[in-house]
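*Asks:* What follows is structure.cif, mmCIF, C-alpha atoms.
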data_query
loop_
_atom_site.label_atom_id
_atom_site.label_comp_id
_atom_site.auth_asym_id
_atom_site.auth_seq_id
_atom_site.Cartn_x
_atom_site.Cartn_y
_atom_site.Cartn_z
CA MET A 1 10.93 44.39 -77.35
CA ARG A 2 12.24 40.94 -76.38
CA GLY A 3 14.43 41.07 -79.45
CA ARG A 4 11.42 40.76 -81.71
CA VAL A 5 11.02 44.33 -82.87
CA ILE A 6 13.85 44.09 -85.38
CA ALA A 7 12.87 40.58 -86.40
CA ALA A 8 9.27 41.59 -87.05
CA VAL A 9 10.28 44.62 -89.10
CA ILE A 10 12.19 42.52 -91.62
CA LEU A 11 9.20 40.29 -92.35
CA SER A 12 7.33 40.60 -95.62
CA ALA A 13 3.63 39.84 -95.98
CA SER A 14 4.51 36.56 -97.67
CA LEU A 15 6.26 35.23 -94.56
CA TRP A 16 3.33 34.88 -92.19
CA GLY A 17 4.28 31.32 -91.29
CA THR A 18 2.51 28.02 -91.77
CA PRO A 19 -1.27 28.16 -91.22
CA ALA A 20 -3.70 25.27 -90.97
CA ALA A 21 -7.48 24.95 -91.52
CA PHE A 22 -9.36 22.61 -89.19
CA ALA A 23 -12.69 22.31 -87.38
CA THR A 24 -14.68 25.32 -86.20
CA PHE A 25 -13.76 26.78 -82.81
CA HIS A 26 -16.07 25.91 -79.92
CA PRO A 27 -16.92 28.11 -76.89
CA GLY A 28 -14.65 27.45 -73.95
CA GLU A 29 -11.68 26.29 -76.00
CA ILE A 30 -8.33 27.88 -75.18
CA ILE A 31 -6.03 29.48 -77.75
CA VAL A 32 -2.43 29.95 -76.58
CA SER A 33 0.46 31.71 -78.30
CA THR A 34 4.09 30.93 -77.52
CA VAL A 35 7.59 31.81 -78.65
CA GLU A 36 10.68 29.65 -78.50
CA GLY A 37 14.23 30.27 -79.60
CA PRO A 38 16.85 30.88 -80.69
CA VAL A 39 16.32 27.82 -82.85
CA ASN A 40 19.50 26.32 -84.28
CA GLU A 41 20.55 29.55 -85.93
CA PRO A 42 23.47 31.91 -85.38
CA ASN A 43 21.11 34.90 -85.39
CA PRO A 44 20.34 35.67 -81.71
CA LEU A 45 16.98 37.15 -82.75
CA ALA A 46 15.83 33.90 -84.33
CA PHE A 47 12.72 32.41 -82.73
CA VAL A 48 9.64 30.41 -83.63
CA GLY A 49 6.16 31.65 -82.81
CA LYS A 50 3.28 29.20 -82.45
CA ILE A 51 -0.45 29.44 -81.83
CA ARG A 52 -2.13 26.30 -80.49
CA ARG A 53 -5.75 25.36 -79.78
CA PHE A 54 -6.64 23.39 -76.64
CA GLY A 55 -9.81 21.86 -75.29
CA PRO A 56 -11.23 23.00 -71.92
CA ASP A 57 -9.46 20.05 -70.29
CA GLY A 58 -6.07 21.19 -71.64
CA THR A 59 -5.91 18.60 -74.41
CA LEU A 60 -4.10 19.84 -77.53
CA ILE A 61 -6.49 19.92 -80.49
CA GLU A 62 -4.34 21.47 -83.17
CA GLU A 63 -1.52 23.83 -84.03
CA LEU A 64 -3.06 26.80 -85.79
CA PHE A 65 0.13 28.61 -86.73
CA SER A 66 3.90 28.27 -86.76
CA GLY A 67 6.20 30.98 -88.08
CA ASP A 68 9.91 31.75 -88.09
CA ASN A 69 10.72 35.11 -86.48
CA ILE A 70 7.08 35.99 -86.00
CA GLY A 71 4.86 35.38 -83.01
CA ALA A 72 1.79 36.81 -81.30
CA ASP A 73 2.42 38.87 -78.16
CA ASP A 74 -1.30 39.06 -77.36
CA LEU A 75 -4.42 37.24 -78.53
CA LYS A 76 -7.95 38.64 -78.71
CA PHE A 77 -11.20 37.64 -80.40
CA SER A 78 -13.18 40.32 -82.21
CA PRO A 79 -16.93 40.58 -81.50
CA GLN A 80 -17.38 38.78 -84.84
CA GLY A 81 -15.36 35.81 -83.57
CA ILE A 82 -12.19 36.46 -85.57
CA LEU A 83 -8.99 35.58 -83.69
CA HIS A 84 -6.37 38.35 -83.75
CA GLY A 85 -2.74 38.16 -82.68
CA ALA A 86 -0.46 41.17 -82.15
CA ALA A 87 2.66 40.25 -84.12
CA GLY A 88 4.83 43.33 -84.16
CA THR A 89 4.31 45.27 -87.38
CA ILE A 90 1.16 43.30 -88.31
CA VAL A 91 -1.87 41.77 -86.62
CA LEU A 92 -2.41 38.13 -87.52
CA ARG A 93 -6.00 37.02 -88.11
CA PHE A 94 -7.72 33.62 -88.17
CA ALA A 95 -11.26 32.63 -89.13
CA ASP A 96 -13.24 30.41 -86.76
CA ASN A 97 -12.24 27.34 -88.76
CA GLY A 98 -8.55 28.08 -88.13
CA SER A 99 -7.78 29.32 -91.64
CA THR A 100 -5.52 32.34 -92.01
CA LEU A 101 -7.02 35.67 -93.05
CA PRO A 102 -5.05 38.61 -94.46
CA PRO A 103 -3.27 40.43 -91.60
CA LEU A 104 -4.02 43.97 -90.51
CA GLN A 105 -1.33 46.55 -91.18
CA PRO A 106 -1.22 50.12 -89.85
CA ALA A 107 -0.96 53.02 -92.26
CA SER A 108 2.25 54.20 -90.54
CA THR A 109 5.36 52.05 -90.25
CA GLY A 110 7.81 51.79 -87.39
CA TYR A 111 5.38 50.66 -84.68
CA PHE A 112 5.53 47.38 -82.78
CA MET A 113 2.03 46.28 -81.75
CA HIS A 114 2.00 44.35 -78.50
CA SER A 115 -1.43 44.47 -76.82
CA LEU A 116 -4.92 44.39 -78.38
CA ALA A 117 -8.32 45.64 -77.18
CA PHE A 118 -11.65 45.45 -78.99
CA ALA A 119 -14.76 47.59 -78.63
CA ARG A 120 -18.13 45.88 -79.12
CA SER A 121 -18.48 47.88 -82.34
CA GLY A 122 -15.50 45.98 -83.74
CA ARG A 123 -13.03 48.87 -83.43
CA LEU A 124 -9.55 47.62 -82.56
CA PHE A 125 -6.86 49.37 -80.51
CA ALA A 126 -3.28 48.11 -80.59
CA THR A 127 -0.76 49.57 -78.15
CA SER A 128 2.99 49.62 -78.59
CA PRO A 129 5.81 49.98 -76.03
CA ASP A 130 6.88 53.27 -77.62
CA GLY A 131 3.71 54.92 -76.31
CA ALA A 132 1.44 54.76 -79.34
CA VAL A 133 -2.05 53.36 -79.80
CA LEU A 134 -2.86 52.30 -83.36
CA LYS A 135 -6.54 52.29 -84.28
CA PHE A 136 -8.47 50.19 -86.78
CA ASP A 137 -12.13 50.52 -87.73
CA SER A 138 -14.59 47.61 -87.60
CA ALA A 139 -13.62 46.61 -91.15
CA GLY A 140 -9.93 46.40 -90.21
CA ASN A 141 -8.91 49.59 -91.98
CA PRO A 142 -6.26 51.81 -90.31
CA ALA A 143 -7.97 54.66 -88.44
CA GLY A 144 -5.06 56.70 -87.13
CA VAL A 145 -2.41 56.73 -84.39
CA SER A 146 -2.48 58.53 -81.03
CA SER A 147 0.20 59.05 -78.38
CA LEU A 148 -0.17 57.63 -74.87
CA GLY A 149 2.94 59.43 -73.62
CA THR A 150 6.28 58.00 -72.50
CA GLY A 151 7.02 54.99 -70.33
CA VAL A 152 4.11 52.89 -71.61
CA SER A 153 4.48 49.15 -70.99
CA SER A 154 1.87 48.47 -73.73
CA TRP A 155 -0.39 46.17 -71.67
CA ALA A 156 -3.88 47.59 -72.21
CA ASP A 157 -7.61 46.83 -72.19
CA LEU A 158 -10.81 48.74 -72.96
CA GLY A 159 -13.18 49.82 -70.18
CA LEU A 160 -16.87 49.02 -69.99
CA ASP A 161 -17.80 52.50 -71.25
CA GLN A 162 -16.26 51.43 -74.60
CA CYS A 163 -14.18 54.61 -74.65
CA THR A 164 -11.59 54.42 -71.84
CA LEU A 165 -8.43 52.52 -72.74
CA PHE A 166 -6.59 51.53 -69.55
CA PHE A 167 -2.87 50.84 -69.90
CA LEU A 168 0.10 50.07 -67.67
CA THR A 169 2.70 52.80 -67.63
CA SER A 170 5.71 54.16 -65.77
CA PRO A 171 5.94 54.72 -62.88
CA ALA A 172 4.33 51.32 -62.33
CA SER A 173 2.16 52.65 -59.50
CA ARG A 174 -0.02 54.38 -62.10
CA ILE A 175 -2.58 53.03 -64.58
CA GLY A 176 -2.93 55.28 -67.60
CA ARG A 177 -6.26 56.24 -69.17
CA PHE A 178 -6.88 57.30 -72.74
CA ASP A 179 -10.30 58.34 -74.06
CA THR A 180 -10.51 56.64 -77.46
CA CYS A 181 -13.77 58.45 -78.26
CA SER A 182 -12.37 61.98 -77.82
CA GLY A 183 -8.71 61.12 -78.51
CA THR A 184 -7.48 62.66 -75.24
CA LEU A 185 -5.47 61.46 -72.27
CA SER A 186 -7.17 61.43 -68.86
CA SER A 187 -5.48 61.62 -65.47
CA PRO A 188 -4.00 58.24 -64.48
CA LEU A 189 -5.23 56.09 -61.62
CA GLN A 190 -2.84 56.19 -58.67
CA THR A 191 -2.30 52.85 -56.94
CA THR A 192 -0.19 51.67 -54.00
CA VAL A 193 1.38 48.76 -55.90
CA ASN A 194 3.72 48.50 -58.87
CA LEU A 195 1.88 46.81 -61.73
CA ASP A 196 4.09 45.71 -64.60
CA ARG A 197 2.47 42.80 -66.39
CA THR A 198 -0.91 41.99 -67.99
CA LEU A 199 -4.09 44.01 -67.61
CA LEU A 200 -7.71 42.90 -67.89
CA VAL A 201 -10.97 44.77 -67.46
CA LEU A 202 -13.38 42.49 -65.59
CA ALA A 203 -17.15 42.22 -66.02
CA ASP A 204 -17.85 44.66 -63.16
CA GLY A 205 -15.47 47.27 -64.58
CA THR A 206 -12.65 46.71 -62.10
CA LEU A 207 -9.12 45.96 -63.30
CA LEU A 208 -6.94 42.88 -62.84
CA ALA A 209 -3.19 43.36 -63.20
CA SER A 210 0.01 41.65 -62.13
CA THR A 211 3.52 42.48 -61.02
CA ASN A 212 6.71 41.04 -62.48
CA GLN A 213 6.71 38.71 -59.48
CA SER A 214 3.29 37.36 -60.56
CA ASP A 215 1.37 38.98 -57.72
CA MET A 216 -2.19 39.61 -58.94
CA TYR A 217 -4.23 42.60 -57.78
CA ARG A 218 -7.81 43.68 -58.37
CA ILE A 219 -7.94 47.48 -58.72
CA GLY A 220 -10.97 49.75 -58.41
CA LEU A 221 -11.74 52.64 -60.73
CA ASP A 222 -10.40 55.01 -58.07
CA GLY A 223 -7.04 53.19 -58.01
CA ALA A 224 -7.73 51.45 -54.69
CA VAL A 225 -6.47 47.89 -54.21
CA LEU A 226 -9.62 45.81 -53.79
CA ARG A 227 -7.89 42.45 -53.44
CA HIS A 228 -4.42 40.92 -53.44
CA TYR A 229 -4.66 37.31 -54.57
CA SER A 230 -2.52 34.71 -52.83
CA THR A 231 -2.12 32.68 -56.03
CA HIS A 232 1.02 33.74 -57.91
CA ALA A 233 0.04 34.10 -61.56
CA SER A 234 -0.46 36.56 -64.42
CA ALA A 235 -3.97 36.93 -65.87
CA TYR A 236 -4.13 36.89 -69.67
CA ALA A 237 -7.76 36.25 -70.65
CA ARG A 238 -11.37 36.48 -69.51
CA ASP A 239 -13.39 33.27 -69.33
CA THR A 240 -16.90 32.68 -70.66
CA ASN A 241 -17.91 32.79 -66.97
CA PRO A 242 -17.14 36.31 -65.61
CA ASN A 243 -16.13 34.86 -62.24
CA PHE A 244 -13.08 33.22 -63.81
CA VAL A 245 -9.99 34.23 -65.79
CA TRP A 246 -7.20 32.29 -67.46
CA VAL A 247 -3.71 32.80 -66.10
CA MET A 248 -0.13 31.79 -66.69
CA VAL A 249 1.42 30.08 -63.68
CA LEU A 250 4.95 28.65 -63.71
CA GLY A 251 4.98 28.61 -67.52
CA LYS A 252 1.65 26.77 -67.82
CA PHE A 253 -1.93 27.97 -68.36
CA ALA A 254 -4.77 27.51 -65.90
CA LYS A 255 -8.33 28.56 -65.07
CA PHE A 256 -8.54 30.79 -61.99
CA ASP A 257 -11.52 31.46 -59.70
CA LEU A 258 -11.59 35.19 -58.86
CA THR A 259 -13.89 34.65 -55.89
CA GLY A 260 -12.24 31.63 -54.33
CA ASP A 261 -8.65 32.65 -55.18
CA VAL A 262 -7.94 29.14 -56.43
CA ILE A 263 -7.01 27.38 -59.67
CA THR A 264 -9.92 25.21 -60.80
CA ALA A 265 -8.49 23.69 -64.00
CA GLY A 266 -4.86 22.98 -64.78
CA PRO A 267 -2.15 24.11 -64.80
CA PHE A 268 -1.85 22.66 -68.29
CA ASP A 269 1.40 22.19 -70.21
CA VAL A 270 1.57 24.28 -73.38
CA GLY A 271 4.28 22.14 -74.95
CA THR A 272 7.39 23.97 -76.13
CA GLY A 273 7.93 27.68 -75.81
CA SER A 274 6.99 30.49 -73.42
CA ILE A 275 3.41 31.72 -73.22
CA THR A 276 2.82 35.19 -74.68
CA GLY A 277 -0.96 35.25 -75.05
CA ILE A 278 -4.18 33.42 -74.16
CA ALA A 279 -7.70 33.81 -75.58
CA ILE A 280 -10.88 31.90 -74.76
CA VAL A 281 -13.37 31.17 -77.54
CA GLY A 282 -16.60 33.04 -76.83
CA ALA A 283 -15.35 34.85 -73.73
CA ASP A 284 -15.00 38.43 -74.94
CA VAL A 285 -18.52 38.38 -76.38
CA GLN A 286 -20.20 36.81 -73.35
CA SER A 287 -18.33 38.06 -70.29
CA ILE A 288 -18.91 41.80 -70.84
CA PRO A 289 -22.65 42.38 -70.31
CA ALA A 290 -24.73 44.58 -72.63
CA PHE A 291 -25.53 46.95 -69.76
CA ALA A 292 -21.82 47.40 -69.01
CA PRO A 293 -21.61 51.12 -69.99
CA LEU A 294 -24.52 51.92 -67.66
CA LEU A 295 -22.86 49.90 -64.90
CA GLN A 296 -19.61 51.80 -65.29
CA LEU A 297 -21.48 55.13 -65.24
CA ILE A 298 -23.21 54.14 -62.00
CA LEU A 299 -19.87 53.11 -60.47
CA SER A 300 -18.26 56.40 -61.52
CA VAL A 301 -21.10 58.45 -60.01
CA ALA A 302 -20.95 56.41 -56.80
CA LEU A 303 -17.20 57.04 -56.51
CA ALA A 304 -17.70 60.77 -57.07
CA ILE A 305 -20.42 60.95 -54.39
CA SER A 306 -18.21 58.99 -52.00
CA ALA A 307 -15.33 61.43 -52.57
CA VAL A 308 -17.59 64.42 -51.84
CA LEU A 309 -18.87 62.82 -48.66
CA ARG A 310 -15.32 62.12 -47.47
CA LEU A 311 -14.45 65.79 -47.97
CA ARG A 312 -17.41 66.86 -45.83
CA THR A 313 -16.51 64.60 -42.92
#
Let me see the structure of the file written as C-alpha cells.

*Replies:*
Amino acid sequence: MRGRVIAAVILSASLWGTPAAFATFHPGEIIVSTVEGPVNEPNPLAFVGKIRRFGPDGTLIEELFSGDNIGADDLKFSPQGILHGAAGTIVLRFADNGSTLPPLQPASTGYFMHSLAFARSGRLFATSPDGAVLKFDSAGNPAGVSSLGTGVSSWADLGLDQCTLFFLTSPASRIGRFDTCSGTLSSPLQTTVNLDRTLLVLADGTLLASTNQSDMYRIGLDGAVLRHYSTHASAYARDTNPNFVWVMVLGKFAKFDLTGDVITAGPFDVGTGSITGIAIVGADVQSIPAFAPLLQLILSVALAISAVLRLRT
C-alpha cells in the first residue's frame, strides 16, 4: 500500500528510526505523522516517515520520530496514554515523555497494519488492506487474527459498545461491521454515498467518514446520511471536546466544528511531507463517555422500534 508494504517488510527491529525524549505530553496537543519521499535515492520505495508534536495553536514543539522507509499510517493513544503508530509490520509506541517504547509485533507475519482502534480495556485492533484485523491484548501481546473479508480499505474504528469494529470496505457504499467480542462479521451498513477515506466513531455513536474528494459525511447506525458537510476535508482524530474533530484540509491540519461546519483553528502547516495520521493528547480518553455502551444500546433499540413502526404504516 502506497509502496510501503515492501519497504516495511524489509525492516528489522533495530531500524525503528531516530527517537527523541522530551517534555511530557499535555492535553490538547496535536501529534501528526507524515511521509515524504523518495528522498535522494534511486529506490522508488524510499521515503522518510516523521512524527511531530504541535501545540494547540499549531506551533511545532518537537520532532518525536524520524525513520528511513518507515512511517505511521495512523496514530492512536491507548487508554493508558501511550501513543501508537501503525507502521506496516509493526506498531510504533511512545511514552508520554516522547521516548520510544518497544514496538508491537503480531504473531503472524505478512500483514501490513494501517488503521488502529482501541477499546477502553486497552485491547488494540489493527486492520490491514488485505482484509485482516490483528488483535493485541491490553498488555500488547498478540491475541490472534480474524478476517474481515475482501475489498477492505483498512480505515476502521471501534463503536461505543466496545465490540463493533466499523470499517470501510468495497463497494464504498457499505460500512463493514465486525463483532470483536464474538469474532463474527455482521451485516454491513448500506449508505447512499461512496466512502473511501478515514472513519471516526463520534461521541454519540454516529460515524464520520470521507470520500476521496474530501467530502465529509455523518452516518447514522442505520446507514442513513445525517449530514453532508460543506467543508472539504478528511477527519483523522477526535478532539478533547466531542463537538470537534481534527481534519486534514489541503495538506494541512485543522480543528473542525461539527455543529457549525466551520474550521475554528488552522489550517496549520505540518512542514515537509504528506499527513498520514493525527492524534490529540487526551482526546480518546475524554471524548467517549463512560455511559457510551448504554447510549449505543438505546440508539439501537430506538432504530429497531422505528423500523417496526415504518413497516406497520

*Asks:* Using all atoms listed in the file, which of A:Pro142, A:Thr206, A:Ser121, A:Ser33 sits nearest A:Tyr236?

*Replies:*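 Smallest distance to A:Tyr236 is found for A:Ser33.
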
*Asks:* In Å, with one decimal, what is the gap from atom CA of A:Val91 to atom CA of A:Leu168?

*Replies:*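 Atom CA of A:Val91 sits 20.8 Å away from atom CA of A:Leu168.
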
*Asks:* Which residue out of A:Gln162, A:Ser99, A:Asn69, A:Thr169 has the minimum interatomic distance to A:Leu199 when only C-alpha atoms are used?

*Replies:* A:Thr169

*Asks:* Under the PyMOL selection byres ((chain A and resi 130-133) around 6), which residues of this model are included? Write them out as an mmCIF file with C-alpha atoms, in the coordinates of the input.

*Replies:*
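Listed below is the output, selection.cif:
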data_model
loop_
_atom_site.group_PDB
_atom_site.id
_atom_site.type_symbol
_atom_site.label_atom_id
_atom_site.label_comp_id
_atom_site.auth_asym_id
_atom_site.auth_seq_id
_atom_site.Cartn_x
_atom_site.Cartn_y
_atom_site.Cartn_z
ATOM 1 C CA ALA A 126 -3.280 48.110 -80.590
ATOM 2 C CA THR A 127 -0.760 49.570 -78.150
ATOM 3 C CA SER A 128 2.990 49.620 -78.590
ATOM 4 C CA PRO A 129 5.810 49.980 -76.030
ATOM 5 C CA LEU A 134 -2.860 52.300 -83.360
ATOM 6 C CA VAL A 145 -2.410 56.730 -84.390
ATOM 7 C CA SER A 146 -2.480 58.530 -81.030
ATOM 8 C CA SER A 147 0.200 59.050 -78.380
ATOM 9 C CA LEU A 148 -0.170 57.630 -74.870
ATOM 10 C CA GLY A 149 2.940 59.430 -73.620
ATOM 11 C CA THR A 150 6.280 58.000 -72.500
ATOM 12 C CA VAL A 152 4.110 52.890 -71.610
#

*Asks:* Need the shell around A:Phe268: protein/DNA/RNA residues with any atom at most 6 Å away, counting all atoms listed in the file. Skip same-chain ones fewer than 2 positions apart. Format as a PyMOL selection string?

*Replies:* chain A and resi 58+252-253+266

*Asks:* Can those selected residues be exported to a file as a compact mmCIF listing (two decimals), in the frame of the given file so that it contains C-alpha atoms?

*Replies:*
# COMPACT_ATOMS: atom_id res chain seq x y z
CA GLY A 58 -6.07 21.19 -71.64
CA LYS A 252 1.65 26.77 -67.82
CA PHE A 253 -1.93 27.97 -68.36
CA GLY A 266 -4.86 22.98 -64.78

*Asks:* Evaluated on this file, the PyMOL selection byres ((chain A and resi 95) around 12) picks out some residues - which ones are they, written as a ChimeraX atom specification?

*Replies:* /A:19-25,64,77-78,80-84,92-94,96-103,281

*Asks:* List, as a JSON list (two decimals) with C-alpha atoms, keeping the file's coordinate frame, every residue that the PyMOL selection byres ((chain A and resi 222) around 8) selects in the file provided.

*Replies:*
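This went into expr-v1.json:
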[["chain", "number", "residue", "atom", "x", "y", "z"],
["A", 189, "LEU", "CA", -5.23, 56.09, -61.62],
["A", 190, "GLN", "CA", -2.84, 56.19, -58.67],
["A", 219, "ILE", "CA", -7.94, 47.48, -58.72],
["A", 220, "GLY", "CA", -10.97, 49.75, -58.41],
["A", 221, "LEU", "CA", -11.74, 52.64, -60.73],
["A", 223, "GLY", "CA", -7.04, 53.19, -58.01],
["A", 224, "ALA", "CA", -7.73, 51.45, -54.69],
["A", 303, "LEU", "CA", -17.20, 57.04, -56.51]]

*Asks:* Quick one: residues within 10 Å of A:Val270, only C-alpha atoms counted, chain neighbours fewer than 2 positions away excluded, as an MDAnalysis selection string?

*Replies:* chainID A and resid 32:34 52:54 58:60 251:253 267:268 272:275

*Asks:* So which one's closest to A:Leu202, A:Glu36, A:Glu29, A:Asp157, A:Asp137? Using only C-alpha atoms, please.

*Replies:*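 Among A:Glu36, A:Glu29, A:Asp157, A:Asp137, it is A:Asp157 that comes nearest to A:Leu202.
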
*Asks:* Which one of A:Ala46, A:Asp57, A:Arg218, A:Gly183 sits closest to A:Ala254 if you count all atoms listed in the file?

*Replies:*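 Checking each of A:Ala46, A:Asp57, A:Arg218, A:Gly183 against A:Ala254, counting all atoms listed in the file, the winner is A:Asp57.
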
*Asks:* At a cut-off of 8 Å, using only C-alpha atoms, what residues contact A:Ile90? Leave out same-chain residues fewer than 5 positions from it and give the result as a ChimeraX atom specification.

*Replies:* /A:103-106,113

*Asks:* With distances taken over only C-alpha atoms, which of A:Thr164, A:Ser138, A:Asn194, A:Thr89 is nearest to A:Ser182?

*Replies:* A:Thr164

*Asks:* Tell me, in Å to one decimal, how far atom CA of A:Ala119 is from atom CA of A:Pro79.

*Replies:*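 Pair atom CA of A:Ala119 / atom CA of A:Pro79 returns 7.9 Å.
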
*Asks:* Atom CA of A:Pro171 and atom CA of A:Ser115 are how many Å apart?

*Replies:*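 Distance between the two atoms: 18.8 Å.
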
*Asks:* Find the residues of stretch 92-208 of chain A that sit at most 12 Å from stretch 227-235 of chain A; for each, write down the nearest two atoms and how far apart they are in Å, to one decimal. Count all atoms listed in the file. Sort by chain, then by number going up, and give it as a tab-separated table.

*Replies:*
residue	atom	partner	partner_atom	distance
A:Trp155	CA	A:Ala235	CA	11.5
A:Thr192	CA	A:His228	CA	11.6
A:Val193	CA	A:His228	CA	10.1
A:Leu195	CA	A:Ser234	CA	10.9
A:Asp196	CA	A:Ser234	CA	10.2
A:Arg197	CA	A:Ser234	CA	7.2
A:Thr198	CA	A:Ala235	CA	6.3
A:Leu199	CA	A:Ala235	CA	7.3
A:Leu200	CA	A:Ala235	CA	7.3
A:Val201	CA	A:Ala235	CA	10.6
A:Leu202	CA	A:Ala235	CA	10.9
A:Thr206	CA	A:Arg227	CA	10.8
A:Leu207	CA	A:Arg227	CA	10.5
A:Leu208	CA	A:Ala235	CA	7.3

*Asks:* Go ahead and save the picked residues with C-alpha atoms, as a short mmCIF file (atom, residue, chain, number, x, y, z; two decimals), in the coordinates of the input.

*Replies:*
data_model
loop_
_atom_site.label_atom_id
_atom_site.label_comp_id
_atom_site.auth_asym_id
_atom_site.auth_seq_id
_atom_site.Cartn_x
_atom_site.Cartn_y
_atom_site.Cartn_z
CA TRP A 155 -0.39 46.17 -71.67
CA THR A 192 -0.19 51.67 -54.00
CA VAL A 193 1.38 48.76 -55.90
CA LEU A 195 1.88 46.81 -61.73
CA ASP A 196 4.09 45.71 -64.60
CA ARG A 197 2.47 42.80 -66.39
CA THR A 198 -0.91 41.99 -67.99
CA LEU A 199 -4.09 44.01 -67.61
CA LEU A 200 -7.71 42.90 -67.89
CA VAL A 201 -10.97 44.77 -67.46
CA LEU A 202 -13.38 42.49 -65.59
CA THR A 206 -12.65 46.71 -62.10
CA LEU A 207 -9.12 45.96 -63.30
CA LEU A 208 -6.94 42.88 -62.84
#
